[in-house]
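Since the structure comes first, as structure tokens, the remarks are kept for the end.
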Amino acid sequence: MTERVPVLKIGDVLLVSIQVDLEDQTVLDLQDDLAARIVATGASGVVIDITAVEIVDSFVGRMLATTAAISRMLDAETVVVGMRPAVAITLVELGLSLGGVRTALTLEKGLDMLARPDSRPPAKP
Amino acid sequence: MSGPRPVPDADHETITIESNDDVVRARQLVRTLAQRCKLSLVDQTKLVTAASELARNTLVYGGGGVMRTGLVRRDSRVGVTAVFEDSGPGIPDLDLALTDGWTSGGGLGLGLSGARRLVDDFTLDTEVGRGTQVAVTKWAR
Ligand SMILES: Nc1ncnc2c1ncn2[C@@H]1O[C@H](COP(=O)(O)OP(=O)(O)OP(=O)(O)O)[C@@H](O)[C@H]1O
Ligand SMILES: [Mg+2]
């Protein structure tokens, strides 16, 4: 049994705050849990808070991109908040720029972004 | 691709990489050393990220193996080195494996090429049917 990351529901938004160094299976479980919870709750947004996350490697990076894509297909928007500068620098050098993932510097800004649907970028074809 | 191997300090540590949990332990051990070596925060993050990629490759493609890590000295510089070793299938086409985006599995194909960019020294020895050894080092500035 691996641990699971709690998914909180606040109004219309699902909030995940990653607090510990996650092993790969826990990361995959989180991706599945989020998809199920979006459908079960009809949430319109997902916020993934990575303020406490010290590294994002290709595995976690791929999970963030996949979660953003899955939630979009389920009519919810994902915002990743709190990325540390060193993590951003490392991700770009690793070759992962997470182009399809919306980000905000703080949780507050991320929630704000989801509250204003007109700020969504035009859908890609 | 190989240069002079840095001389490991006597106090290097070895851990086995046989489960997802061990990949987490490998990251944590390298982070502790990177802090002890006083790498900058960005350099710590780069090295730990590279170690995470290589540990996962050791597990997924190498079928498990070991990581040996410790502080190293060369001239007056100090750094952290991590060596990942497995007795798996080896890498038949190294150029291909080091190409951004190439994967034989379901990954993004960024681990090996990305790890090489994130560190100062990178050496890779592999032999088909025998295994793979990847050594990375980051030096304090
Ligand atoms: N230790 C190893 N033993 C055998 N083959 C390996 C090993 N490490 C890497 N490879 C081969 O090199 C390829 C590229 O590795 P790389 O880490 O760049 O990408 P990936 O693991 O497929 O995806 P990612 O790391 O981006 O999730 C792998 O798909 C695999 O075929
Ligand atoms: Mg890899």
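Going through the structure tokens in order, the chains are called A, B, and so on, while each chain numbers its residues from 1 and the ligands are numbered from 1 in the order shown.
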Counting only C-alpha atoms and all ligand atoms, which residues of chain B fall within 9 Å of ligand 2, and what is the closest atom pair for each with its distance in Å at one decimal, ordered by chain and rising number, as JSON lines?
{"residue": "B:Ser52", "atom": "CA", "partner": "ligand 2", "partner_atom_place_in_ligand_line": "1 (Mg)", "distance": 8.9}
{"residue": "B:Glu53", "atom": "CA", "partner": "ligand 2", "partner_atom_place_in_ligand_line": "1 (Mg)", "distance": 5.3}
{"residue": "B:Leu54", "atom": "CA", "partner": "ligand 2", "partner_atom_place_in_ligand_line": "1 (Mg)", "distance": 6.6}
{"residue": "B:Ala55", "atom": "CA", "partner": "ligand 2", "partner_atom_place_in_ligand_line": "1 (Mg)", "distance": 8.5}
{"residue": "B:Arg56", "atom": "CA", "partner": "ligand 2", "partner_atom_place_in_ligand_line": "1 (Mg)", "distance": 6.2}
{"residue": "B:Asn57", "atom": "CA", "partner": "ligand 2", "partner_atom_place_in_ligand_line": "1 (Mg)", "distance": 4.8}
{"residue": "B:Thr58", "atom": "CA", "partner": "ligand 2", "partner_atom_place_in_ligand_line": "1 (Mg)", "distance": 8.6}
{"residue": "B:Val60", "atom": "CA", "partner": "ligand 2", "partner_atom_place_in_ligand_line": "1 (Mg)", "distance": 8.0}
{"residue": "B:Tyr61", "atom": "CA", "partner": "ligand 2", "partner_atom_place_in_ligand_line": "1 (Mg)", "distance": 8.3}
{"residue": "B:Thr103", "atom": "CA", "partner": "ligand 2", "partner_atom_place_in_ligand_line": "1 (Mg)", "distance": 7.9}
{"residue": "B:Gly105", "atom": "CA", "partner": "ligand 2", "partner_atom_place_in_ligand_line": "1 (Mg)", "distance": 8.9}
{"residue": "B:Gly107", "atom": "CA", "partner": "ligand 2", "partner_atom_place_in_ligand_line": "1 (Mg)", "distance": 6.4}
{"residue": "B:Leu108", "atom": "CA", "partner": "ligand 2", "partner_atom_place_in_ligand_line": "1 (Mg)", "distance": 7.5}
{"residue": "B:Gly109", "atom": "CA", "partner": "ligand 2", "partner_atom_place_in_ligand_line": "1 (Mg)", "distance": 6.2}
{"residue": "B:Leu110", "atom": "CA", "partner": "ligand 2", "partner_atom_place_in_ligand_line": "1 (Mg)", "distance": 6.5}
{"residue": "B:Gly111", "atom": "CA", "partner": "ligand 2", "partner_atom_place_in_ligand_line": "1 (Mg)", "distance": 4.1}
{"residue": "B:Leu112", "atom": "CA", "partner": "ligand 2", "partner_atom_place_in_ligand_line": "1 (Mg)", "distance": 6.1}
Please save N, CA, C and O atoms of the selected residues as a JSON list (two decimals), in the first residue's frame.
[["chain", "number", "residue", "atom", "x", "y", "z"],
["B", 52, "SER", "N", 17.50, 11.77, -9.74],
["B", 52, "SER", "CA", 16.17, 11.16, -9.78],
["B", 52, "SER", "C", 15.95, 10.47, -11.13],
["B", 52, "SER", "O", 15.47, 9.34, -11.20],
["B", 53, "GLU", "N", 16.32, 11.15, -12.21],
["B", 53, "GLU", "CA", 16.17, 10.57, -13.55],
["B", 53, "GLU", "C", 17.00, 9.29, -13.68],
["B", 53, "GLU", "O", 16.53, 8.28, -14.21],
["B", 54, "LEU", "N", 18.24, 9.36, -13.20],
["B", 54, "LEU", "CA", 19.14, 8.21, -13.39],
["B", 54, "LEU", "C", 18.74, 7.05, -12.50],
["B", 54, "LEU", "O", 18.83, 5.88, -12.91],
["B", 55, "ALA", "N", 18.29, 7.36, -11.28],
["B", 55, "ALA", "CA", 17.84, 6.29, -10.39],
["B", 55, "ALA", "C", 16.63, 5.57, -11.00],
["B", 55, "ALA", "O", 16.54, 4.34, -10.98],
["B", 56, "ARG", "N", 15.73, 6.33, -11.58],
["B", 56, "ARG", "CA", 14.55, 5.71, -12.19],
["B", 56, "ARG", "C", 14.95, 4.86, -13.39],
["B", 56, "ARG", "O", 14.43, 3.76, -13.57],
["B", 57, "ASN", "N", 15.88, 5.34, -14.21],
["B", 57, "ASN", "CA", 16.35, 4.53, -15.34],
["B", 57, "ASN", "C", 16.98, 3.23, -14.85],
["B", 57, "ASN", "O", 16.77, 2.16, -15.45],
["B", 58, "THR", "N", 17.77, 3.32, -13.77],
["B", 58, "THR", "CA", 18.39, 2.12, -13.20],
["B", 58, "THR", "C", 17.33, 1.10, -12.82],
["B", 58, "THR", "O", 17.46, -0.09, -13.09],
["B", 60, "VAL", "N", 13.96, 1.07, -13.86],
["B", 60, "VAL", "CA", 13.01, 0.69, -14.92],
["B", 60, "VAL", "C", 13.71, -0.09, -16.05],
["B", 60, "VAL", "O", 13.21, -1.12, -16.49],
["B", 61, "TYR", "N", 14.84, 0.42, -16.51],
["B", 61, "TYR", "CA", 15.50, -0.21, -17.66],
["B", 61, "TYR", "C", 16.61, -1.17, -17.24],
["B", 61, "TYR", "O", 16.87, -2.14, -17.93],
["B", 103, "THR", "N", 12.65, 7.55, -26.54],
["B", 103, "THR", "CA", 12.42, 6.60, -25.45],
["B", 103, "THR", "C", 12.11, 5.23, -26.02],
["B", 103, "THR", "O", 11.49, 5.13, -27.07],
["B", 105, "GLY", "N", 10.59, 3.20, -23.98],
["B", 105, "GLY", "CA", 9.43, 2.85, -23.17],
["B", 105, "GLY", "C", 8.35, 3.90, -23.34],
["B", 105, "GLY", "O", 8.13, 4.38, -24.44],
["B", 107, "GLY", "N", 8.28, 6.82, -21.63],
["B", 107, "GLY", "CA", 8.71, 8.07, -21.00],
["B", 107, "GLY", "C", 8.72, 9.22, -21.99],
["B", 107, "GLY", "O", 8.21, 9.12, -23.10],
["B", 108, "LEU", "N", 9.32, 10.32, -21.57],
["B", 108, "LEU", "CA", 9.43, 11.48, -22.43],
["B", 108, "LEU", "C", 10.77, 11.48, -23.17],
["B", 108, "LEU", "O", 11.00, 12.30, -24.04],
["B", 109, "GLY", "N", 11.65, 10.56, -22.79],
["B", 109, "GLY", "CA", 12.96, 10.51, -23.43],
["B", 109, "GLY", "C", 13.83, 11.70, -23.08],
["B", 109, "GLY", "O", 14.68, 12.12, -23.86],
["B", 110, "LEU", "N", 13.62, 12.25, -21.88],
["B", 110, "LEU", "CA", 14.39, 13.43, -21.47],
["B", 110, "LEU", "C", 15.36, 13.13, -20.33],
["B", 110, "LEU", "O", 16.22, 13.95, -20.02],
["B", 111, "GLY", "N", 15.21, 11.97, -19.70],
["B", 111, "GLY", "CA", 15.96, 11.71, -18.48],
["B", 111, "GLY", "C", 17.46, 11.72, -18.69],
["B", 111, "GLY", "O", 18.19, 12.44, -18.00],
["B", 112, "LEU", "N", 17.91, 10.95, -19.65],
["B", 112, "LEU", "CA", 19.36, 10.79, -19.86],
["B", 112, "LEU", "C", 19.97, 12.07, -20.44],
["B", 112, "LEU", "O", 20.96, 12.59, -19.92]]
Contact table chain B vs chain A, cut-off 12 Å, shortest pair per residue, only C-alpha atoms, as JSON lines:
{"residue": "B:Ser19", "atom": "CA", "partner": "A:Glu23", "partner_atom": "CA", "distance": 9.4}
{"residue": "B:Asn20", "atom": "CA", "partner": "A:Glu23", "partner_atom": "CA", "distance": 5.7}
{"residue": "B:Asp21", "atom": "CA", "partner": "A:Glu23", "partner_atom": "CA", "distance": 6.0}
{"residue": "B:Asp22", "atom": "CA", "partner": "A:Glu23", "partner_atom": "CA", "distance": 8.8}
{"residue": "B:Val23", "atom": "CA", "partner": "A:Glu23", "partner_atom": "CA", "distance": 7.4}
{"residue": "B:Val24", "atom": "CA", "partner": "A:Glu23", "partner_atom": "CA", "distance": 6.1}
{"residue": "B:Arg25", "atom": "CA", "partner": "A:Asp21", "partner_atom": "CA", "distance": 9.5}
{"residue": "B:Ala26", "atom": "CA", "partner": "A:Glu23", "partner_atom": "CA", "distance": 11.3}
{"residue": "B:Arg27", "atom": "CA", "partner": "A:Asp21", "partner_atom": "CA", "distance": 9.0}
{"residue": "B:Gln28", "atom": "CA", "partner": "A:Asp21", "partner_atom": "CA", "distance": 8.7}
{"residue": "B:Arg31", "atom": "CA", "partner": "A:Glu54", "partner_atom": "CA", "distance": 9.8}
{"residue": "B:Ser40", "atom": "CA", "partner": "A:Ala86", "partner_atom": "CA", "distance": 9.7}
{"residue": "B:Leu41", "atom": "CA", "partner": "A:Ala86", "partner_atom": "CA", "distance": 6.8}
{"residue": "B:Val42", "atom": "CA", "partner": "A:Ala86", "partner_atom": "CA", "distance": 4.8}
{"residue": "B:Asp43", "atom": "CA", "partner": "A:Ala86", "partner_atom": "CA", "distance": 8.2}
{"residue": "B:Gln44", "atom": "CA", "partner": "A:Ala86", "partner_atom": "CA", "distance": 8.8}
{"residue": "B:Thr45", "atom": "CA", "partner": "A:Ile55", "partner_atom": "CA", "distance": 6.1}
{"residue": "B:Lys46", "atom": "CA", "partner": "A:Thr90", "partner_atom": "CA", "distance": 5.6}
{"residue": "B:Leu47", "atom": "CA", "partner": "A:Thr90", "partner_atom": "CA", "distance": 9.2}
{"residue": "B:Val48", "atom": "CA", "partner": "A:Ile55", "partner_atom": "CA", "distance": 7.3}
{"residue": "B:Thr49", "atom": "CA", "partner": "A:Asp57", "partner_atom": "CA", "distance": 5.5}
{"residue": "B:Ala50", "atom": "CA", "partner": "A:Asp57", "partner_atom": "CA", "distance": 7.9}
{"residue": "B:Ala51", "atom": "CA", "partner": "A:Asp57", "partner_atom": "CA", "distance": 9.5}
{"residue": "B:Ser52", "atom": "CA", "partner": "A:Asp57", "partner_atom": "CA", "distance": 6.9}
{"residue": "B:Glu53", "atom": "CA", "partner": "A:Asp57", "partner_atom": "CA", "distance": 6.8}
{"residue": "B:Leu54", "atom": "CA", "partner": "A:Asp57", "partner_atom": "CA", "distance": 10.5}
{"residue": "B:Ala55", "atom": "CA", "partner": "A:Asp57", "partner_atom": "CA", "distance": 11.4}
{"residue": "B:Arg56", "atom": "CA", "partner": "A:Phe59", "partner_atom": "CA", "distance": 9.2}
{"residue": "B:Asn57", "atom": "CA", "partner": "A:Phe59", "partner_atom": "CA", "distance": 11.2}
{"residue": "B:Leu59", "atom": "CA", "partner": "A:Asp24", "partner_atom": "CA", "distance": 11.6}
{"residue": "B:Val60", "atom": "CA", "partner": "A:Asp24", "partner_atom": "CA", "distance": 11.4}
{"residue": "B:Thr99", "atom": "CA", "partner": "A:Gly95", "partner_atom": "CA", "distance": 11.3}
{"residue": "B:Asp100", "atom": "CA", "partner": "A:Gly95", "partner_atom": "CA", "distance": 7.8}
{"residue": "B:Gly101", "atom": "CA", "partner": "A:Gly95", "partner_atom": "CA", "distance": 9.0}
{"residue": "B:Gly106", "atom": "CA", "partner": "A:Phe59", "partner_atom": "CA", "distance": 10.7}
{"residue": "B:Gly107", "atom": "CA", "partner": "A:Phe59", "partner_atom": "CA", "distance": 7.9}
{"residue": "B:Leu108", "atom": "CA", "partner": "A:Ser58", "partner_atom": "CA", "distance": 7.1}
{"residue": "B:Gly109", "atom": "CA", "partner": "A:Ser58", "partner_atom": "CA", "distance": 8.8}
{"residue": "B:Leu110", "atom": "CA", "partner": "A:Gly95", "partner_atom": "CA", "distance": 6.7}
{"residue": "B:Gly111", "atom": "CA", "partner": "A:Ser58", "partner_atom": "CA", "distance": 6.6}
{"residue": "B:Leu112", "atom": "CA", "partner": "A:Leu94", "partner_atom": "CA", "distance": 9.3}
{"residue": "B:Ser113", "atom": "CA", "partner": "A:Leu94", "partner_atom": "CA", "distance": 7.8}
{"residue": "B:Gly114", "atom": "CA", "partner": "A:Leu94", "partner_atom": "CA", "distance": 4.2}
{"residue": "B:Ala115", "atom": "CA", "partner": "A:Leu94", "partner_atom": "CA", "distance": 6.8}
{"residue": "B:Arg116", "atom": "CA", "partner": "A:Leu94", "partner_atom": "CA", "distance": 8.8}
{"residue": "B:Arg117", "atom": "CA", "partner": "A:Glu93", "partner_atom": "CA", "distance": 6.8}
{"residue": "B:Leu118", "atom": "CA", "partner": "A:Glu93", "partner_atom": "CA", "distance": 6.7}
{"residue": "B:Val119", "atom": "CA", "partner": "A:Glu93", "partner_atom": "CA", "distance": 10.4}
Produce a file of the selected residues containing N, CA and C atoms, as a compact mmCIF listing (two decimals), in the first residue's frame.
# COMPACT_ATOMS: atom_id res chain seq x y z
N SER B 19 13.24 -0.42 -5.82
CA SER B 19 11.82 -0.07 -5.76
C SER B 19 11.65 1.44 -5.93
N ASN B 20 10.42 1.86 -6.15
CA ASN B 20 10.12 3.29 -6.26
C ASN B 20 10.58 4.05 -5.03
N ASP B 21 10.46 3.39 -3.89
CA ASP B 21 10.88 3.97 -2.63
C ASP B 21 12.37 4.27 -2.61
N ASP B 22 13.14 3.38 -3.23
CA ASP B 22 14.59 3.58 -3.28
C ASP B 22 14.95 4.80 -4.13
N VAL B 23 14.12 5.09 -5.15
CA VAL B 23 14.37 6.28 -5.97
C VAL B 23 14.23 7.53 -5.10
N VAL B 24 13.22 7.51 -4.22
CA VAL B 24 13.04 8.62 -3.29
C VAL B 24 14.25 8.73 -2.35
N ARG B 25 14.70 7.58 -1.85
CA ARG B 25 15.86 7.59 -0.94
C ARG B 25 17.11 8.11 -1.64
N ALA B 26 17.27 7.73 -2.91
CA ALA B 26 18.43 8.19 -3.68
C ALA B 26 18.41 9.72 -3.79
N ARG B 27 17.25 10.27 -4.11
CA ARG B 27 17.13 11.73 -4.18
C ARG B 27 17.51 12.38 -2.86
N GLN B 28 16.99 11.81 -1.76
CA GLN B 28 17.21 12.44 -0.46
C GLN B 28 18.68 12.38 -0.04
N ARG B 31 20.57 14.90 -2.04
CA ARG B 31 20.27 16.25 -1.57
C ARG B 31 21.06 16.58 -0.30
N SER B 40 24.97 25.70 -4.55
CA SER B 40 23.90 26.71 -4.55
C SER B 40 22.56 25.99 -4.66
N LEU B 41 21.48 26.69 -4.31
CA LEU B 41 20.16 26.06 -4.34
C LEU B 41 19.81 25.56 -5.75
N VAL B 42 20.16 26.34 -6.75
CA VAL B 42 19.86 25.93 -8.13
C VAL B 42 20.68 24.68 -8.48
N ASP B 43 21.95 24.68 -8.09
CA ASP B 43 22.80 23.52 -8.40
C ASP B 43 22.35 22.27 -7.64
N GLN B 44 21.92 22.45 -6.40
CA GLN B 44 21.35 21.32 -5.64
C GLN B 44 20.16 20.74 -6.39
N THR B 45 19.28 21.63 -6.83
CA THR B 45 18.06 21.20 -7.51
C THR B 45 18.38 20.46 -8.80
N LYS B 46 19.36 20.99 -9.54
CA LYS B 46 19.76 20.35 -10.79
C LYS B 46 20.33 18.95 -10.54
N LEU B 47 21.22 18.85 -9.54
CA LEU B 47 21.86 17.56 -9.28
C LEU B 47 20.83 16.53 -8.78
N VAL B 48 19.97 16.95 -7.89
CA VAL B 48 18.98 16.01 -7.34
C VAL B 48 18.02 15.56 -8.45
N THR B 49 17.67 16.48 -9.34
CA THR B 49 16.79 16.13 -10.45
C THR B 49 17.47 15.12 -11.37
N ALA B 50 18.75 15.36 -11.67
CA ALA B 50 19.50 14.41 -12.51
C ALA B 50 19.56 13.05 -11.83
N ALA B 51 19.82 13.04 -10.52
CA ALA B 51 19.91 11.78 -9.78
C ALA B 51 18.58 11.04 -9.83
N SER B 52 17.50 11.77 -9.74
CA SER B 52 16.17 11.16 -9.78
C SER B 52 15.95 10.47 -11.13
N GLU B 53 16.32 11.15 -12.21
CA GLU B 53 16.17 10.57 -13.55
C GLU B 53 17.00 9.29 -13.68
N LEU B 54 18.24 9.36 -13.20
CA LEU B 54 19.14 8.21 -13.39
C LEU B 54 18.74 7.05 -12.50
N ALA B 55 18.29 7.36 -11.28
CA ALA B 55 17.84 6.29 -10.39
C ALA B 55 16.63 5.57 -11.00
N ARG B 56 15.73 6.33 -11.58
CA ARG B 56 14.55 5.71 -12.19
C ARG B 56 14.95 4.86 -13.39
N ASN B 57 15.88 5.34 -14.21
CA ASN B 57 16.35 4.53 -15.34
C ASN B 57 16.98 3.23 -14.85
N LEU B 59 16.25 1.60 -12.22
CA LEU B 59 15.17 0.72 -11.78
C LEU B 59 14.38 0.17 -12.98
N VAL B 60 13.96 1.07 -13.86
CA VAL B 60 13.01 0.69 -14.92
C VAL B 60 13.71 -0.09 -16.05
N THR B 99 19.44 11.19 -27.25
CA THR B 99 18.69 12.16 -28.03
C THR B 99 17.46 12.60 -27.27
N ASP B 100 17.26 13.91 -27.18
CA ASP B 100 16.06 14.45 -26.52
C ASP B 100 14.82 13.86 -27.15
N GLY B 101 13.97 13.29 -26.33
CA GLY B 101 12.69 12.82 -26.84
C GLY B 101 12.68 11.37 -27.27
N GLY B 106 7.70 4.23 -22.24
CA GLY B 106 6.62 5.21 -22.33
C GLY B 106 6.99 6.55 -21.75
N GLY B 107 8.28 6.82 -21.63
CA GLY B 107 8.71 8.07 -21.00
C GLY B 107 8.72 9.22 -21.99
N LEU B 108 9.32 10.32 -21.57
CA LEU B 108 9.43 11.48 -22.43
C LEU B 108 10.77 11.48 -23.17
N GLY B 109 11.65 10.56 -22.79
CA GLY B 109 12.96 10.51 -23.43
C GLY B 109 13.83 11.70 -23.08
N LEU B 110 13.62 12.25 -21.88
CA LEU B 110 14.39 13.43 -21.47
C LEU B 110 15.36 13.13 -20.33
N GLY B 111 15.21 11.97 -19.70
CA GLY B 111 15.96 11.71 -18.48
C GLY B 111 17.46 11.72 -18.69
N LEU B 112 17.91 10.95 -19.65
CA LEU B 112 19.36 10.79 -19.86
C LEU B 112 19.97 12.07 -20.44
N SER B 113 19.36 12.58 -21.50
CA SER B 113 19.89 13.79 -22.14
C SER B 113 19.76 14.98 -21.20
N GLY B 114 18.65 15.05 -20.48
CA GLY B 114 18.45 16.15 -19.54
C GLY B 114 19.44 16.09 -18.40
N ALA B 115 19.65 14.89 -17.85
CA ALA B 115 20.59 14.74 -16.73
C ALA B 115 21.98 15.20 -17.16
N ARG B 116 22.35 14.88 -18.40
CA ARG B 116 23.67 15.30 -18.88
C ARG B 116 23.81 16.82 -18.88
N ARG B 117 22.73 17.52 -19.26
CA ARG B 117 22.78 18.99 -19.26
C ARG B 117 22.82 19.57 -17.85
N LEU B 118 22.22 18.85 -16.90
CA LEU B 118 22.06 19.42 -15.55
C LEU B 118 23.31 19.32 -14.68
N VAL B 119 24.28 18.51 -15.09
CA VAL B 119 25.46 18.30 -14.24
C VAL B 119 26.71 18.86 -14.91
Which of segment 9-110 of chain B end up as strand (DSSP E or B) when DSSP is run on this backbone - answer as a tab-separated table (two decimals) with C-alpha atoms, in the first residue's frame?
chain	number	residue	atom	x	y	z
B	13	GLU	CA	27.61	5.59	0.60
B	14	THR	CA	25.98	2.88	-1.47
B	15	ILE	CA	22.26	2.17	-1.63
B	16	THR	CA	20.35	-0.40	-3.63
B	17	ILE	CA	17.75	0.77	-6.13
B	65	GLY	CA	21.02	-1.74	-9.29
B	66	VAL	CA	22.94	0.48	-6.92
B	67	MET	CA	23.82	4.11	-6.42
B	68	ARG	CA	27.14	5.08	-4.91
B	69	THR	CA	27.43	8.69	-3.85
B	70	GLY	CA	29.76	10.93	-1.91
B	71	LEU	CA	31.78	14.10	-1.84
B	72	VAL	CA	34.71	14.35	-4.22
B	73	ARG	CA	37.73	16.61	-4.45
B	74	ARG	CA	39.77	17.64	-7.44
B	77	ARG	CA	37.40	22.03	-5.63
B	78	VAL	CA	34.78	19.99	-3.86
B	79	GLY	CA	31.76	18.41	-5.46
B	80	VAL	CA	29.17	15.69	-5.18
B	81	THR	CA	29.29	12.62	-7.33
B	82	ALA	CA	26.67	9.92	-7.85
B	83	VAL	CA	27.29	6.70	-9.74
B	84	PHE	CA	24.40	4.52	-10.91
B	85	GLU	CA	25.16	0.98	-11.83
B	86	ASP	CA	23.05	-1.92	-13.06
* To do: Name the residues of segment 43-80 of chain A that come out as alpha helix (DSSP H) in a backbone DSSP run; write them as a ChimeraX atom specification.
  => /A:58-73
* Asked: For the atom pair atom CA of Ser71 of chain A and atom CA of Gly100 of chain A, what is the interatomic distance in Å to one decimal place?
  ->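 Calculated distance between atom CA of Ser71 of chain A and atom CA of Gly100 of chain A is 11.8 Å.
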* **Non-local contacts of Asp93 of chain B (12 Å; only C-alpha atoms; under 4 positions in same chain excluded) as a ChimeraX atom specification** => /B:89,97-99,102-104,125-128
Take the residues just selected and output them with N, CA, C and O atoms as a JSON list (two decimals), in the first residue's frame.
[["chain", "number", "residue", "atom", "x", "y", "z"],
["B", 89, "PRO", "N", 20.22, -4.84, -19.42],
["B", 89, "PRO", "CA", 20.46, -5.16, -20.83],
["B", 89, "PRO", "C", 21.48, -4.27, -21.52],
["B", 89, "PRO", "O", 21.91, -4.58, -22.64],
["B", 97, "ALA", "N", 19.89, 6.97, -27.46],
["B", 97, "ALA", "CA", 19.41, 7.08, -26.07],
["B", 97, "ALA", "C", 19.65, 8.48, -25.50],
["B", 97, "ALA", "O", 18.91, 8.94, -24.65],
["B", 98, "LEU", "N", 20.68, 9.15, -26.02],
["B", 98, "LEU", "CA", 20.99, 10.50, -25.52],
["B", 98, "LEU", "C", 20.30, 11.60, -26.33],
["B", 98, "LEU", "O", 20.56, 12.78, -26.13],
["B", 99, "THR", "N", 19.44, 11.19, -27.25],
["B", 99, "THR", "CA", 18.69, 12.16, -28.03],
["B", 99, "THR", "C", 17.46, 12.60, -27.27],
["B", 99, "THR", "O", 16.70, 11.76, -26.78],
["B", 102, "TRP", "N", 13.84, 10.71, -27.29],
["B", 102, "TRP", "CA", 13.82, 9.31, -27.69],
["B", 102, "TRP", "C", 13.64, 8.42, -26.46],
["B", 102, "TRP", "O", 14.36, 8.52, -25.48],
["B", 103, "THR", "N", 12.65, 7.55, -26.54],
["B", 103, "THR", "CA", 12.42, 6.60, -25.45],
["B", 103, "THR", "C", 12.11, 5.23, -26.02],
["B", 103, "THR", "O", 11.49, 5.13, -27.07],
["B", 104, "SER", "N", 12.56, 4.19, -25.34],
["B", 104, "SER", "CA", 12.19, 2.85, -25.77],
["B", 104, "SER", "C", 10.96, 2.40, -24.98],
["B", 104, "SER", "O", 10.38, 1.37, -25.25],
["B", 125, "ASP", "N", 29.03, 4.46, -19.27],
["B", 125, "ASP", "CA", 29.61, 3.23, -19.81],
["B", 125, "ASP", "C", 28.53, 2.19, -19.90],
["B", 125, "ASP", "O", 27.80, 1.97, -18.94],
["B", 126, "THR", "N", 28.42, 1.57, -21.05],
["B", 126, "THR", "CA", 27.36, 0.57, -21.19],
["B", 126, "THR", "C", 27.82, -0.52, -22.13],
["B", 126, "THR", "O", 28.65, -0.28, -23.02],
["B", 127, "GLU", "N", 27.33, -1.72, -21.88],
["B", 127, "GLU", "CA", 27.67, -2.83, -22.76],
["B", 127, "GLU", "C", 26.43, -3.71, -22.86],
["B", 127, "GLU", "O", 25.86, -4.10, -21.82],
["B", 128, "VAL", "N", 26.05, -3.99, -24.08],
["B", 128, "VAL", "CA", 24.84, -4.78, -24.28],
["B", 128, "VAL", "C", 24.99, -6.14, -23.61],
["B", 128, "VAL", "O", 26.01, -6.81, -23.76]]
* **Nearby residues (only C-alpha atoms) at most 7 Å from segment 16-18 of chain A, same-chain spacing under 6 positions excluded, as a PyMOL selection string** => chain A and resi 6-8+47-50+52-53
* To do: With a distance cut-off of 12 Å and only C-alpha atoms, select the neighbouring residues of Met73 of chain A, excluding the residue or stretch itself and same-chain residues fewer than 3 positions from it, and output the selection as an MDAnalysis selection string.
  => chainID A and resid 35 38:39 44:45 66:70 76:78 123
